[in-house]
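Colleague: Have a peek at target_10.txt (compact mmCIF, C-alpha atoms and all ligand atoms).
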```txt
# COMPACT_ATOMS: atom_id res chain seq x y z
CA MET A 1 118.42 90.89 68.53
CA ALA A 2 119.57 93.78 70.74
CA GLU A 3 120.73 95.87 67.81
CA LYS A 4 117.58 95.22 65.80
CA ILE A 5 115.27 96.33 68.63
CA TYR A 6 117.40 99.42 69.20
CA GLU A 7 117.32 100.36 65.50
CA ARG A 8 113.56 99.91 65.37
CA LEU A 9 113.12 102.07 68.43
CA LYS A 10 115.31 104.76 66.90
CA ALA A 11 113.14 104.62 63.79
CA ILE A 12 109.98 105.51 65.73
CA SER A 13 111.51 107.94 68.25
CA TYR A 14 109.77 111.19 67.35
CA PRO A 15 106.61 112.75 68.80
CA ARG A 16 103.63 110.56 67.90
CA PRO A 17 100.67 112.21 69.61
CA SER A 18 97.17 110.83 69.39
CA GLY A 19 95.52 111.48 66.03
CA SER A 20 98.61 113.04 64.42
CA ALA A 21 100.16 112.22 61.05
CA GLN A 22 103.22 110.97 62.99
CA GLU A 23 101.09 108.53 64.94
CA LYS A 24 99.80 107.18 61.64
CA LYS A 25 103.32 107.03 60.21
CA THR A 26 104.44 104.96 63.19
CA LEU A 27 101.65 102.45 62.75
CA ASP A 28 102.49 102.16 59.05
CA TYR A 29 106.10 101.42 59.97
CA LEU A 30 105.11 98.82 62.57
CA ALA A 31 102.65 97.21 60.13
CA GLU A 32 105.34 97.01 57.45
CA GLN A 33 107.77 95.30 59.85
CA ILE A 34 105.05 92.82 60.80
CA ARG A 35 104.18 92.06 57.16
CA GLU A 36 107.83 91.35 56.46
CA MET A 37 107.66 88.62 59.10
CA GLY A 38 104.85 87.00 57.13
CA PHE A 39 101.91 88.06 59.31
CA ASP A 40 98.79 89.81 58.10
CA PRO A 41 98.12 92.55 60.64
CA GLU A 42 94.59 93.81 61.13
CA ILE A 43 94.33 97.59 61.31
CA GLU A 44 91.23 99.16 62.79
CA GLU A 45 90.35 102.83 62.85
CA PHE A 46 88.48 104.45 65.69
CA SER A 47 87.63 107.97 66.69
CA TYR A 48 86.83 109.92 69.82
CA THR A 49 86.03 113.53 70.61
CA ARG A 50 87.70 115.86 73.05
CA ARG A 51 87.61 119.55 73.89
CA ILE A 52 91.06 121.02 73.57
CA PRO A 53 92.12 124.51 74.71
CA GLU A 54 91.75 127.15 72.03
CA GLU A 55 92.58 130.13 74.22
CA ALA A 56 93.96 130.11 77.77
CA TYR A 57 94.78 133.24 79.74
CA VAL A 58 95.85 133.67 83.36
CA ALA A 59 97.06 137.01 84.74
CA ALA A 60 97.86 138.46 88.13
CA VAL A 61 95.77 141.59 88.77
CA LEU A 62 97.93 144.27 90.40
CA ASP A 63 96.75 146.99 92.81
CA ASP A 64 96.56 149.55 90.02
CA GLY A 65 94.32 147.23 88.03
CA SER A 66 96.99 146.29 85.47
CA GLU A 67 97.53 142.64 84.60
CA ILE A 68 100.67 140.52 84.30
CA ALA A 69 99.91 137.48 82.15
CA PHE A 70 101.73 134.15 82.34
CA PRO A 71 102.14 131.54 79.63
CA VAL A 72 99.59 128.83 80.46
CA THR A 73 97.59 126.19 78.70
CA GLY A 74 94.10 124.93 79.42
CA ILE A 75 93.31 121.43 80.56
CA THR A 76 91.63 119.35 77.86
CA ASP A 77 88.00 118.45 78.63
CA SER A 78 87.83 120.86 81.57
CA MET A 79 85.35 123.79 81.42
CA GLU A 80 85.18 127.12 79.64
CA THR A 81 84.94 130.39 81.52
CA ALA A 82 82.49 133.12 80.52
CA PRO A 83 83.64 134.41 77.08
CA GLU A 84 84.90 137.70 78.54
CA GLY A 85 86.79 135.83 81.28
CA GLU A 86 86.46 135.87 85.03
CA THR A 87 88.19 137.52 87.97
CA ALA A 88 88.53 135.74 91.29
CA GLU A 89 90.64 135.90 94.41
CA PHE A 90 93.81 133.85 94.29
CA TYR A 91 94.75 131.16 96.80
CA TYR A 92 97.82 128.93 96.97
CA LEU A 93 96.53 125.57 98.16
CA ARG A 94 99.65 123.95 99.61
CA SER A 95 97.77 120.93 100.87
CA TYR A 96 94.24 119.62 101.22
CA ASP A 97 94.15 120.17 104.98
CA GLU A 98 91.00 121.28 106.79
CA VAL A 99 92.24 124.82 107.44
CA SER A 100 93.16 125.48 103.83
CA LEU A 101 89.88 124.08 102.55
CA THR A 102 87.89 126.66 104.54
CA ARG A 103 89.68 129.45 102.65
CA VAL A 104 89.15 128.55 99.00
CA ARG A 105 85.49 129.32 98.33
CA GLY A 106 85.01 131.35 95.15
CA LYS A 107 88.77 131.46 94.52
CA ILE A 108 91.08 130.29 91.80
CA VAL A 109 93.64 128.00 93.43
CA LEU A 110 97.18 127.03 92.56
CA ILE A 111 97.95 123.37 93.29
CA HIS A 112 100.68 120.87 92.48
CA GLY A 113 100.66 117.44 90.97
CA ARG A 114 97.88 115.24 89.77
CA LEU A 115 94.52 115.48 91.42
CA SER A 116 93.15 112.29 92.88
CA MET A 117 89.40 111.88 92.77
CA GLU A 118 89.18 112.49 96.52
CA GLU A 119 91.30 115.65 96.35
CA TYR A 120 89.19 116.96 93.52
CA ARG A 121 85.97 116.13 95.36
CA ARG A 122 87.15 118.16 98.37
CA ILE A 123 88.16 121.29 96.47
CA LYS A 124 85.07 121.10 94.29
CA ASN A 125 82.82 120.83 97.34
CA ALA A 126 84.76 123.64 98.98
CA GLY A 127 83.50 125.83 96.14
CA ILE A 128 86.63 126.84 94.19
CA ALA A 129 86.15 128.85 90.99
CA GLY A 130 88.92 127.11 89.07
CA TYR A 131 92.40 125.73 89.49
CA ILE A 132 95.92 125.87 88.08
CA VAL A 133 98.33 122.92 88.23
CA THR A 134 102.08 123.11 87.74
CA SER A 135 104.22 121.50 85.06
CA GLY A 136 107.97 120.81 85.09
CA THR A 137 110.56 121.76 87.69
CA ILE A 138 112.11 124.92 89.15
CA ARG A 139 115.26 124.19 87.11
CA ASP A 140 113.47 124.62 83.77
CA THR A 141 113.90 127.50 81.36
CA TYR A 142 111.38 128.52 78.71
CA GLU A 143 113.74 127.24 76.03
CA ASN A 144 114.22 123.78 77.49
CA SER A 145 110.70 122.98 78.68
CA ASP A 146 107.19 122.51 77.35
CA LEU A 147 103.88 123.05 79.08
CA GLU A 148 102.38 119.69 79.81
CA THR A 149 99.10 119.04 78.04
CA ALA A 150 97.04 117.62 80.87
CA ARG A 151 93.54 116.30 80.58
CA PHE A 152 90.57 116.37 82.89
CA ARG A 153 90.26 112.75 83.94
CA ASP A 154 87.09 110.71 83.32
CA ASN A 155 86.64 109.80 86.96
CA LEU A 156 86.64 113.49 87.94
CA SER A 157 83.93 114.29 85.39
CA ASP A 158 81.40 112.48 87.62
CA LEU A 159 81.83 115.46 89.95
CA GLY A 160 81.52 118.13 87.25
CA ALA A 161 84.36 120.07 85.60
CA LEU A 162 85.82 123.50 86.39
CA PRO A 163 88.04 125.88 84.39
CA ALA A 164 91.53 124.41 84.75
CA PHE A 165 94.97 125.51 83.60
CA THR A 166 98.58 124.37 83.58
CA ILE A 167 101.45 126.74 84.38
CA ARG A 168 105.21 126.09 84.43
CA MET A 169 106.66 125.63 87.91
CA ILE A 170 109.04 128.53 87.26
CA ASP A 171 106.06 130.79 86.55
CA ALA A 172 104.15 129.52 89.57
CA VAL A 173 107.04 130.84 91.69
CA LYS A 174 106.90 134.21 89.92
CA LEU A 175 103.16 134.35 90.41
CA LEU A 176 103.49 133.64 94.13
CA ARG A 177 106.18 136.30 94.53
CA LEU A 178 103.80 138.91 93.08
CA ARG A 179 101.33 138.08 95.91
CA PRO A 180 98.35 139.04 93.78
CA GLU A 181 95.00 139.23 95.53
CA LYS A 182 93.17 138.44 92.34
CA LEU A 183 93.70 136.60 89.08
CA ARG A 184 91.99 137.23 85.79
CA PHE A 185 91.45 134.06 83.76
CA ARG A 186 89.82 132.98 80.55
CA LEU A 187 89.51 129.58 78.91
CA ARG A 188 87.98 128.67 75.59
CA LEU A 189 87.78 125.08 74.41
CA LYS A 190 87.00 123.65 71.01
CA GLU A 191 85.66 120.25 70.25
CA GLU A 192 87.59 118.06 67.85
CA THR A 193 87.20 114.53 66.58
CA VAL A 194 90.40 112.50 66.67
CA GLN A 195 91.05 109.59 64.30
CA SER A 196 93.45 106.91 65.48
CA ARG A 197 94.21 103.26 64.85
CA ASN A 198 94.93 99.94 66.54
CA LEU A 199 96.83 97.08 64.99
CA SER A 200 96.40 93.45 65.97
CA VAL A 201 97.99 90.19 64.97
CA THR A 202 96.52 86.79 65.81
CA VAL A 203 98.96 83.95 66.32
CA PRO A 204 96.68 80.88 66.50
CA GLY A 205 97.30 78.45 69.33
CA THR A 206 98.68 75.05 68.33
CA SER A 207 96.46 73.00 70.65
CA LEU A 208 94.13 75.34 72.56
CA PRO A 209 93.25 77.94 69.91
CA GLU A 210 89.93 78.86 71.55
CA GLU A 211 91.69 80.32 74.55
CA ILE A 212 93.32 83.71 74.13
CA LEU A 213 96.18 85.56 75.78
CA ALA A 214 96.10 89.26 74.85
CA VAL A 215 99.48 91.02 74.76
CA GLY A 216 99.52 94.75 74.16
CA ALA A 217 101.55 97.96 74.08
CA HIS A 218 100.66 101.51 73.06
CA TYR A 219 102.68 103.16 70.30
CA ASP A 220 101.56 106.80 70.64
CA SER A 221 103.43 109.38 72.72
CA VAL A 222 102.51 112.65 74.40
CA PRO A 223 103.22 115.82 72.38
CA TYR A 224 106.83 117.13 72.63
CA SER A 225 108.12 113.76 73.81
CA LEU A 226 109.99 111.38 71.51
CA GLY A 227 108.43 108.58 73.50
CA SER A 228 111.38 106.20 73.31
CA TRP A 229 110.90 105.07 76.88
CA ASP A 230 107.11 105.62 77.00
CA ASN A 231 106.31 103.56 75.05
CA GLY A 232 108.28 103.10 71.85
CA ALA A 233 110.19 100.43 73.78
CA GLY A 234 107.06 98.39 74.44
CA ALA A 235 105.93 98.74 70.82
CA VAL A 236 109.20 97.45 69.33
CA GLU A 237 109.40 94.67 71.92
CA MET A 238 106.06 93.50 70.48
CA LEU A 239 107.81 93.14 67.11
CA SER A 240 110.45 90.90 68.70
CA LEU A 241 107.71 88.87 70.33
CA LEU A 242 105.98 88.38 66.97
CA GLU A 243 109.21 87.32 65.31
CA HIS A 244 109.63 84.77 68.06
CA LEU A 245 106.02 83.53 67.88
CA LYS A 246 106.32 83.07 64.12
CA GLU A 247 108.85 80.31 64.80
CA HIS A 248 107.52 79.18 68.17
CA PRO A 249 103.74 79.61 68.43
CA ALA A 250 102.19 78.97 71.83
CA ARG A 251 99.58 76.34 72.65
CA ARG A 252 96.99 79.05 73.19
CA THR A 253 96.15 81.83 70.74
CA VAL A 254 98.16 84.98 71.33
CA LYS A 255 96.66 88.32 70.21
CA VAL A 256 99.31 90.97 69.93
CA ILE A 257 97.75 94.44 69.92
CA LEU A 258 99.42 97.80 69.31
CA PHE A 259 97.17 100.53 70.70
CA GLY A 260 96.86 104.08 69.46
CA SER A 261 95.86 107.05 71.64
CA GLU A 262 96.71 105.62 75.05
CA GLU A 263 98.11 108.88 76.36
CA THR A 264 94.87 110.78 75.83
CA GLY A 265 92.72 108.45 77.91
CA LEU A 266 93.26 104.79 76.89
CA HIS A 267 91.20 105.35 73.76
CA GLY A 268 92.79 102.57 71.68
CA SER A 269 92.18 99.86 74.23
CA GLU A 270 88.69 101.23 74.86
CA ALA A 271 87.91 100.93 71.14
CA TYR A 272 89.39 97.43 71.03
CA VAL A 273 87.38 96.14 73.98
CA GLU A 274 84.22 97.72 72.56
CA ALA A 275 84.71 96.26 69.07
CA HIS A 276 85.65 92.70 70.05
CA PRO A 277 83.29 91.18 72.63
CA GLU A 278 83.98 87.73 71.12
CA VAL A 279 87.71 88.11 71.78
CA ILE A 280 87.13 89.48 75.29
CA GLU A 281 84.91 86.49 76.03
CA LYS A 282 87.77 84.09 75.24
CA THR A 283 90.59 86.16 76.73
CA LYS A 284 92.07 84.59 79.83
CA ALA A 285 94.44 87.40 80.76
CA MET A 286 96.14 90.48 79.38
CA LEU A 287 99.85 91.15 79.37
CA ASN A 288 100.62 94.85 78.90
CA ILE A 289 103.99 96.49 78.25
CA ASP A 290 104.27 100.21 78.98
CA VAL A 291 107.62 101.98 79.50
CA GLY A 292 111.02 100.32 79.15
CA GLY A 293 114.48 100.26 77.64
CA SER A 294 116.22 102.80 79.88
CA ILE A 295 119.69 102.11 81.23
CA LEU A 296 118.56 103.61 84.56
CA GLY A 297 115.96 102.31 86.93
CA LYS A 298 114.12 99.19 87.94
CA GLU A 299 111.73 96.84 86.25
CA LEU A 300 108.21 96.82 87.67
CA ILE A 301 105.44 94.29 87.28
CA PHE A 302 101.97 95.58 88.09
CA LEU A 303 99.42 92.91 88.89
CA SER A 304 95.70 93.45 88.56
CA ALA A 305 95.02 89.88 89.50
CA SER A 306 94.58 87.47 92.40
CA ASP A 307 97.04 87.14 95.29
CA ASP A 308 97.94 83.70 93.94
CA THR A 309 98.96 85.32 90.66
CA GLU A 310 101.44 87.55 92.44
CA VAL A 311 102.94 84.51 94.16
CA TRP A 312 103.14 82.75 90.79
CA VAL A 313 104.84 85.71 89.08
CA ARG A 314 107.37 86.06 91.88
CA GLN A 315 108.14 82.38 91.53
CA LEU A 316 108.71 82.88 87.79
CA LEU A 317 111.11 85.73 88.57
CA LYS A 318 113.11 83.42 90.81
CA GLU A 319 113.07 80.67 88.21
CA SER A 320 114.06 82.86 85.30
CA GLY A 321 116.45 85.11 87.20
CA TYR A 322 114.70 88.24 85.95
CA GLU A 323 115.18 91.19 88.31
CA ALA A 324 111.88 92.93 88.92
CA VAL A 325 109.58 94.12 91.68
CA THR A 326 105.93 93.12 91.77
CA VAL A 327 103.25 95.65 92.74
CA LYS A 328 99.62 94.71 93.16
CA MET A 329 97.72 97.67 91.72
CA VAL A 330 95.80 98.92 88.71
CA MET A 331 98.21 100.46 86.24
CA SER A 332 97.20 103.61 84.41
CA SER A 333 97.58 102.02 81.00
CA ASP A 334 95.68 99.94 78.44
CA SER A 335 95.54 96.95 80.79
CA ALA A 336 92.98 98.92 82.87
CA ARG A 337 90.45 98.70 79.98
CA PHE A 338 90.79 94.91 80.05
CA ASN A 339 90.45 94.90 83.85
CA ASP A 340 87.28 96.93 83.38
CA VAL A 341 85.67 93.99 81.57
CA GLY A 342 86.81 91.53 84.23
CA ILE A 343 90.10 90.35 82.72
CA PRO A 344 93.13 90.09 85.02
CA SER A 345 96.36 91.66 83.79
CA ILE A 346 100.10 91.66 84.22
CA SER A 347 101.66 95.01 83.25
CA ILE A 348 105.37 95.39 82.76
CA GLY A 349 106.93 98.83 83.19
CA GLN A 350 110.11 100.53 84.28
CA ASP A 351 110.64 103.11 86.99
CA ALA A 352 113.47 105.64 86.92
CA PRO A 353 115.42 106.71 90.00
CA GLN A 354 114.69 110.25 91.17
CA GLY A 355 116.27 112.69 88.72
CA GLY A 356 116.87 109.93 86.18
CA GLY A 357 113.68 109.91 84.18
CA TYR A 358 111.56 112.45 82.38
CA MET A 359 108.34 110.81 81.44
CA HIS A 360 106.02 112.89 79.26
CA THR A 361 108.70 115.50 78.45
CA ARG A 362 111.05 116.24 75.55
CA TYR A 363 113.76 114.37 77.51
CA ASP A 364 112.07 111.05 76.93
CA ASN A 365 114.30 110.33 73.94
CA MET A 366 117.02 107.83 72.90
CA ASP A 367 119.68 109.27 75.23
CA LEU A 368 119.09 106.78 78.03
CA ILE A 369 117.96 103.85 75.92
CA ASP A 370 120.16 100.78 76.17
CA GLU A 371 120.02 97.92 73.70
CA ASN A 372 120.83 95.28 76.30
CA VAL A 373 117.98 96.42 78.52
CA LEU A 374 115.64 96.25 75.52
CA LYS A 375 116.84 92.73 74.75
CA ARG A 376 116.47 91.59 78.34
CA GLU A 377 112.92 92.94 78.52
CA ALA A 378 111.96 91.43 75.15
CA GLU A 379 113.28 88.01 76.18
CA PHE A 380 111.40 88.14 79.46
CA ILE A 381 108.19 88.98 77.59
CA MET A 382 108.69 85.93 75.35
CA TYR A 383 109.31 83.76 78.39
CA LEU A 384 106.24 85.11 80.18
CA VAL A 385 104.03 84.65 77.11
CA HIS A 386 104.96 80.96 76.98
CA ARG A 387 104.52 80.47 80.70
CA LEU A 388 101.06 81.95 80.39
CA ALA A 389 99.95 80.46 77.10
CA ASP A 390 101.44 76.94 77.21
CA PRO A 391 100.38 75.20 80.46
CA GLU A 392 97.72 72.51 80.49
CA VAL A 393 95.57 74.73 82.72
CA PHE A 394 95.75 78.51 82.37
CA PRO A 395 97.82 79.68 85.36
CA ILE A 396 95.79 82.79 86.25
CA PRO A 397 92.14 82.65 87.29
CA ARG A 398 89.79 85.04 85.50
CA PHE A 399 89.12 86.84 88.71
CA LEU A 400 89.75 90.30 90.19
CA PRO A 401 90.10 90.59 93.96
CA ASP A 402 88.07 93.23 95.75
CA SER A 403 90.92 95.73 96.09
CA ILE A 404 91.61 95.63 92.33
CA ARG A 405 87.91 95.78 91.49
CA LYS A 406 87.58 98.91 93.62
CA GLY A 407 90.75 100.33 92.06
CA VAL A 408 89.43 99.84 88.53
CA ILE A 409 86.02 101.36 89.29
CA GLY A 410 87.73 104.29 91.06
CA TYR A 411 90.06 104.77 88.11
CA PHE A 412 87.28 105.14 85.52
CA GLY A 413 84.62 106.52 87.87
CA GLU A 414 81.32 104.77 88.75
CA LYS A 415 79.55 106.30 85.79
CA ASN A 416 82.09 105.28 83.14
CA SER A 417 83.23 101.95 84.52
CA ARG A 418 81.88 98.80 82.86
CA LEU A 419 83.01 96.73 85.80
CA ALA A 420 80.76 98.76 88.12
CA LYS A 421 77.80 97.33 86.17
CA MET A 422 79.06 93.72 86.29
CA PRO A 423 78.56 91.42 89.28
CA ALA A 424 81.73 90.52 91.18
CA VAL A 425 82.98 87.04 90.23
CA PRO A 426 83.85 84.94 93.28
CA GLU A 427 87.32 83.42 93.50
CA GLU A 428 87.39 79.68 92.94
CA LYS A 429 89.65 78.04 95.48
CA PRO A 430 90.50 74.30 95.56
CA LEU A 431 87.75 72.30 97.25
CA PRO A 432 88.48 71.11 100.78
CA PHE A 433 89.50 67.50 101.33
CA HIS A 434 86.91 65.24 102.92
CA PHE A 435 86.41 61.49 103.39
ZN ZN B 501 102.79 104.85 78.33
```
Give the structure from the file, written as structure tokens.
Ligand SMILES: [Zn+2]
Modeller:
Amino acid sequence: MAEKIYERLKAISYPRPSGSAQEKKTLDYLAEQIREMGFDPEIEEFSYTRRIPEEAYVAAVLDDGSEIAFPVTGITDSMETAPEGETAEFYYLRSYDEVSLTRVRGKIVLIHGRLSMEEYRRIKNAGIAGYIVTSGTIRDTYENSDLETARFRDNLSDLGALPAFTIRMIDAVKLLRLRPEKLRFRLRLKEETVQSRNLSVTVPGTSLPEEILAVGAHYDSVPYSLGSWDNGAGAVEMLSLLEHLKEHPARRTVKVILFGSEETGLHGSEAYVEAHPEVIEKTKAMLNIDVGGSILGKELIFLSASDDTEVWVRQLLKESGYEAVTVKMVMSSDSARFNDVGIPSISIGQDAPQGGGYMHTRYDNMDLIDENVLKREAEFIMYLVHRLADPEVFPIPRFLPDSIRKGVIGYFGEKNSRLAKMPAVPEEKPLPFHF
């Protein structure tokens, strides 16, 4: 099995960005493998629109009025500047402390890392004119790095967008050394409609077919990345699961879903949830696989579910001897779309040690992939599917505790979250004993 999973992963290890011909090619390959097993996969197209950068320009304005431009890209779905561009004072926002925040009004700020909703709210309210985030590390060169194609997150859009750019970390250092008072910046976006596809296979339950366990993995990658780790591994592990289920179906129905366009905003799972209310109605829980197969790092299990579920999963780890850490939080992956309609999820991922992983870069390739790790993960998925789908009573209540509910609504934003419009379901505990 190990060799087969590895070969399949090698076969799909090339950039497969949302809406691209390569994404389509990957789904065709996965569909073909599934047909060879004797299943009839259902393929569904969906589309979404986004505003991608058409022109992005950031330059330091020197004392003599000349400009030194840096290679940058715009942030998808952020906001255009005036067509002729804008000039604003420059500020390096090292942290979101109270002192710094009094100094940013009307300025274009350089920041690091991903913006949380709260961080964005503070800089937006402080009146910044725009912002630049950094990509990569100070060890990069132009030849060995790509500018990350970030996206303005849905939950931030509740607060209103701003012109936003990405610059390499090495250029951020150069920019800071110039100590420019002002930057000149221009951003033009163009709207495009993206076509993508999901694939699903239904393996009917042998004795409780009306109850569904959804199991999913996304098969797209970010641009530049070969996406072996994120998430070619999860996609090919789904093939192993299907091969197994062909011979050993579970008591409950298992829906195996391969999602397109996860990396651009969970669009595949959004389309799936939207198109299949009847499936959602019957779905007891969702098992999501996102990131795996690397010889380095630890296995993680994210739980968007009750406290009891975490206890149950940890017990399964002890029983099965599978080495993994459980974390109770909403994972930024397709499982979140299922959480957003009230379905609890278990998400399996893999974390690299510092310096040992390059998610969303060209270094996510086959170099660190290990066939035994792939096999171990695939076997644990099979085990978990049976432990979920076979018991007399489904082991996980269809319930989201308050912390997870808040996490899901915060992740999508009040305005976009479906869960925000649904009443909270109370947890059903065993009734007390009485005479
Ligand atoms: Zn992923």
Colleague: Residues within 10 Å of Asp340 (chain A), please, as a ChimeraX atom specification. Count all atoms listed in the file; anything in the same chain fewer than 6 positions from it doesn't count.
Modeller: /A:270,273,400,405,407-409,411-412,416-422
Colleague: Quick one: residues within 9 Å of region 252-262 of chain A, all atoms listed in the file counted, chain neighbours fewer than 2 positions away excluded, as a PyMOL selection string?
Modeller: chain A and resi 17-19+23-24+27+30+196-221+235+238+241-242+245+249-250+264-269+272+333-334+385+388-391
Colleague: Could you check the closest approach to Val72 (chain A) for each of A:Arg186, A:Lys10, A:Lys282, A:Arg337 and tell me which residue wins, using only C-alpha atoms?
Modeller: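 The closest residue to Val72 (chain A) is A:Arg186.
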Colleague: Using all atoms listed in the file, can you tell me which of A:Lys375, A:Arg362, A:Arg122, A:Lys328 comes closest to Leu159 (chain A)?
Modeller: A:Arg122
Colleague: Residues at most 6 Å from ligand ZN 501 (chain B), using all atoms listed in the file? Could they come as a PyMOL selection string?
Modeller: chain A and resi 230-231+290-291
Colleague: Restricting it to C-alpha atoms, dump the selection as a compact mmCIF listing (two decimals), in the coordinates of the input.
Modeller:
```
# COMPACT_ATOMS: atom_id res chain seq x y z
CA ASP A 230 107.11 105.62 77.00
CA ASN A 231 106.31 103.56 75.05
CA ASP A 290 104.27 100.21 78.98
CA VAL A 291 107.62 101.98 79.50
```
Colleague: Within 9 Å of region 425-433 of chain A, counting all atoms listed in the file, which residues qualify if same-chain residues fewer than 4 places away don't, as a VMD selection string?
Modeller: chain A and resid 306 342 397 to 401
Colleague: Name the residues in contact with region 178-185 of chain A at a cut-off of 8 Å, using only C-alpha atoms, excluding same-chain residues fewer than 6 positions from it; report them as a list in words.
Modeller: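 Returned residues: Ala56, Tyr57, Val58, Ala59, Ala60, Val61, Leu62, Glu67, Thr81, Gly85, Glu86, Thr87, Ala88, Glu89, Phe90 and Ile108 of chain A.
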Colleague: Could you complete region 90-108 of chain A so that it carries N, CA and C atoms, and give it back as a PDB file, in the frame of the given file?
Modeller:
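Contents of the output file part-v2.pdb:
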```pdb
ATOM      1  N   PHE A  90      92.810 134.886  94.515  1.00  0.00           N
ATOM      2  CA  PHE A  90      93.810 133.850  94.290  1.00  0.00           C
ATOM      3  C   PHE A  90      94.180 133.189  95.615  1.00  0.00           C
ATOM      4  N   TYR A  91      94.330 131.865  95.590  1.00  0.00           N
ATOM      5  CA  TYR A  91      94.750 131.160  96.800  1.00  0.00           C
ATOM      6  C   TYR A  91      95.756 130.074  96.421  1.00  0.00           C
ATOM      7  N   TYR A  92      96.840 129.995  97.188  1.00  0.00           N
ATOM      8  CA  TYR A  92      97.820 128.930  96.970  1.00  0.00           C
ATOM      9  C   TYR A  92      97.478 127.784  97.908  1.00  0.00           C
ATOM     10  N   LEU A  93      96.955 126.718  97.351  1.00  0.00           N
ATOM     11  CA  LEU A  93      96.530 125.570  98.160  1.00  0.00           C
ATOM     12  C   LEU A  93      97.717 124.602  98.292  1.00  0.00           C
ATOM     13  N   ARG A  94      98.438 124.756  99.401  1.00  0.00           N
ATOM     14  CA  ARG A  94      99.650 123.950  99.610  1.00  0.00           C
ATOM     15  C   ARG A  94      99.303 122.490  99.864  1.00  0.00           C
ATOM     16  N   SER A  95      98.197 122.300 100.581  1.00  0.00           N
ATOM     17  CA  SER A  95      97.770 120.930 100.870  1.00  0.00           C
ATOM     18  C   SER A  95      96.253 120.930 101.032  1.00  0.00           C
ATOM     19  N   TYR A  96      95.703 119.739 101.134  1.00  0.00           N
ATOM     20  CA  TYR A  96      94.240 119.620 101.220  1.00  0.00           C
ATOM     21  C   TYR A  96      93.804 119.509 102.682  1.00  0.00           C
ATOM     22  N   ASP A  97      94.479 120.245 103.557  1.00  0.00           N
ATOM     23  CA  ASP A  97      94.150 120.170 104.980  1.00  0.00           C
ATOM     24  C   ASP A  97      92.850 120.934 105.257  1.00  0.00           C
ATOM     25  N   GLU A  98      92.311 120.710 106.446  1.00  0.00           N
ATOM     26  CA  GLU A  98      91.000 121.280 106.790  1.00  0.00           C
ATOM     27  C   GLU A  98      91.024 122.806 106.864  1.00  0.00           C
ATOM     28  N   VAL A  99      92.136 123.356 107.338  1.00  0.00           N
ATOM     29  CA  VAL A  99      92.240 124.820 107.440  1.00  0.00           C
ATOM     30  C   VAL A  99      92.219 125.439 106.044  1.00  0.00           C
ATOM     31  N   SER A 100      93.088 124.930 105.186  1.00  0.00           N
ATOM     32  CA  SER A 100      93.160 125.480 103.830  1.00  0.00           C
ATOM     33  C   SER A 100      91.815 125.407 103.121  1.00  0.00           C
ATOM     34  N   LEU A 101      91.130 124.278 103.292  1.00  0.00           N
ATOM     35  CA  LEU A 101      89.880 124.080 102.550  1.00  0.00           C
ATOM     36  C   LEU A 101      88.767 125.041 102.968  1.00  0.00           C
ATOM     37  N   THR A 102      88.901 125.665 104.148  1.00  0.00           N
ATOM     38  CA  THR A 102      87.890 126.660 104.540  1.00  0.00           C
ATOM     39  C   THR A 102      88.149 128.007 103.858  1.00  0.00           C
ATOM     40  N   ARG A 103      89.288 128.137 103.189  1.00  0.00           N
ATOM     41  CA  ARG A 103      89.680 129.450 102.650  1.00  0.00           C
ATOM     42  C   ARG A 103      89.617 129.574 101.127  1.00  0.00           C
ATOM     43  N   VAL A 104      89.056 128.572 100.467  1.00  0.00           N
ATOM     44  CA  VAL A 104      89.150 128.550  99.000  1.00  0.00           C
ATOM     45  C   VAL A 104      87.868 128.930  98.267  1.00  0.00           C
ATOM     46  N   ARG A 105      86.780 129.088  98.992  1.00  0.00           N
ATOM     47  CA  ARG A 105      85.490 129.320  98.330  1.00  0.00           C
ATOM     48  C   ARG A 105      85.531 130.518  97.378  1.00  0.00           C
ATOM     49  N   GLY A 106      85.081 130.279  96.139  1.00  0.00           N
ATOM     50  CA  GLY A 106      85.010 131.350  95.150  1.00  0.00           C
ATOM     51  C   GLY A 106      86.356 131.754  94.574  1.00  0.00           C
ATOM     52  N   LYS A 107      87.431 131.042  94.959  1.00  0.00           N
ATOM     53  CA  LYS A 107      88.770 131.460  94.520  1.00  0.00           C
ATOM     54  C   LYS A 107      89.328 130.563  93.426  1.00  0.00           C
ATOM     55  N   ILE A 108      90.312 131.115  92.725  1.00  0.00           N
ATOM     56  CA  ILE A 108      91.080 130.290  91.800  1.00  0.00           C
ATOM     57  C   ILE A 108      92.330 129.861  92.541  1.00  0.00           C
TER      58      ILE A 108
END
```
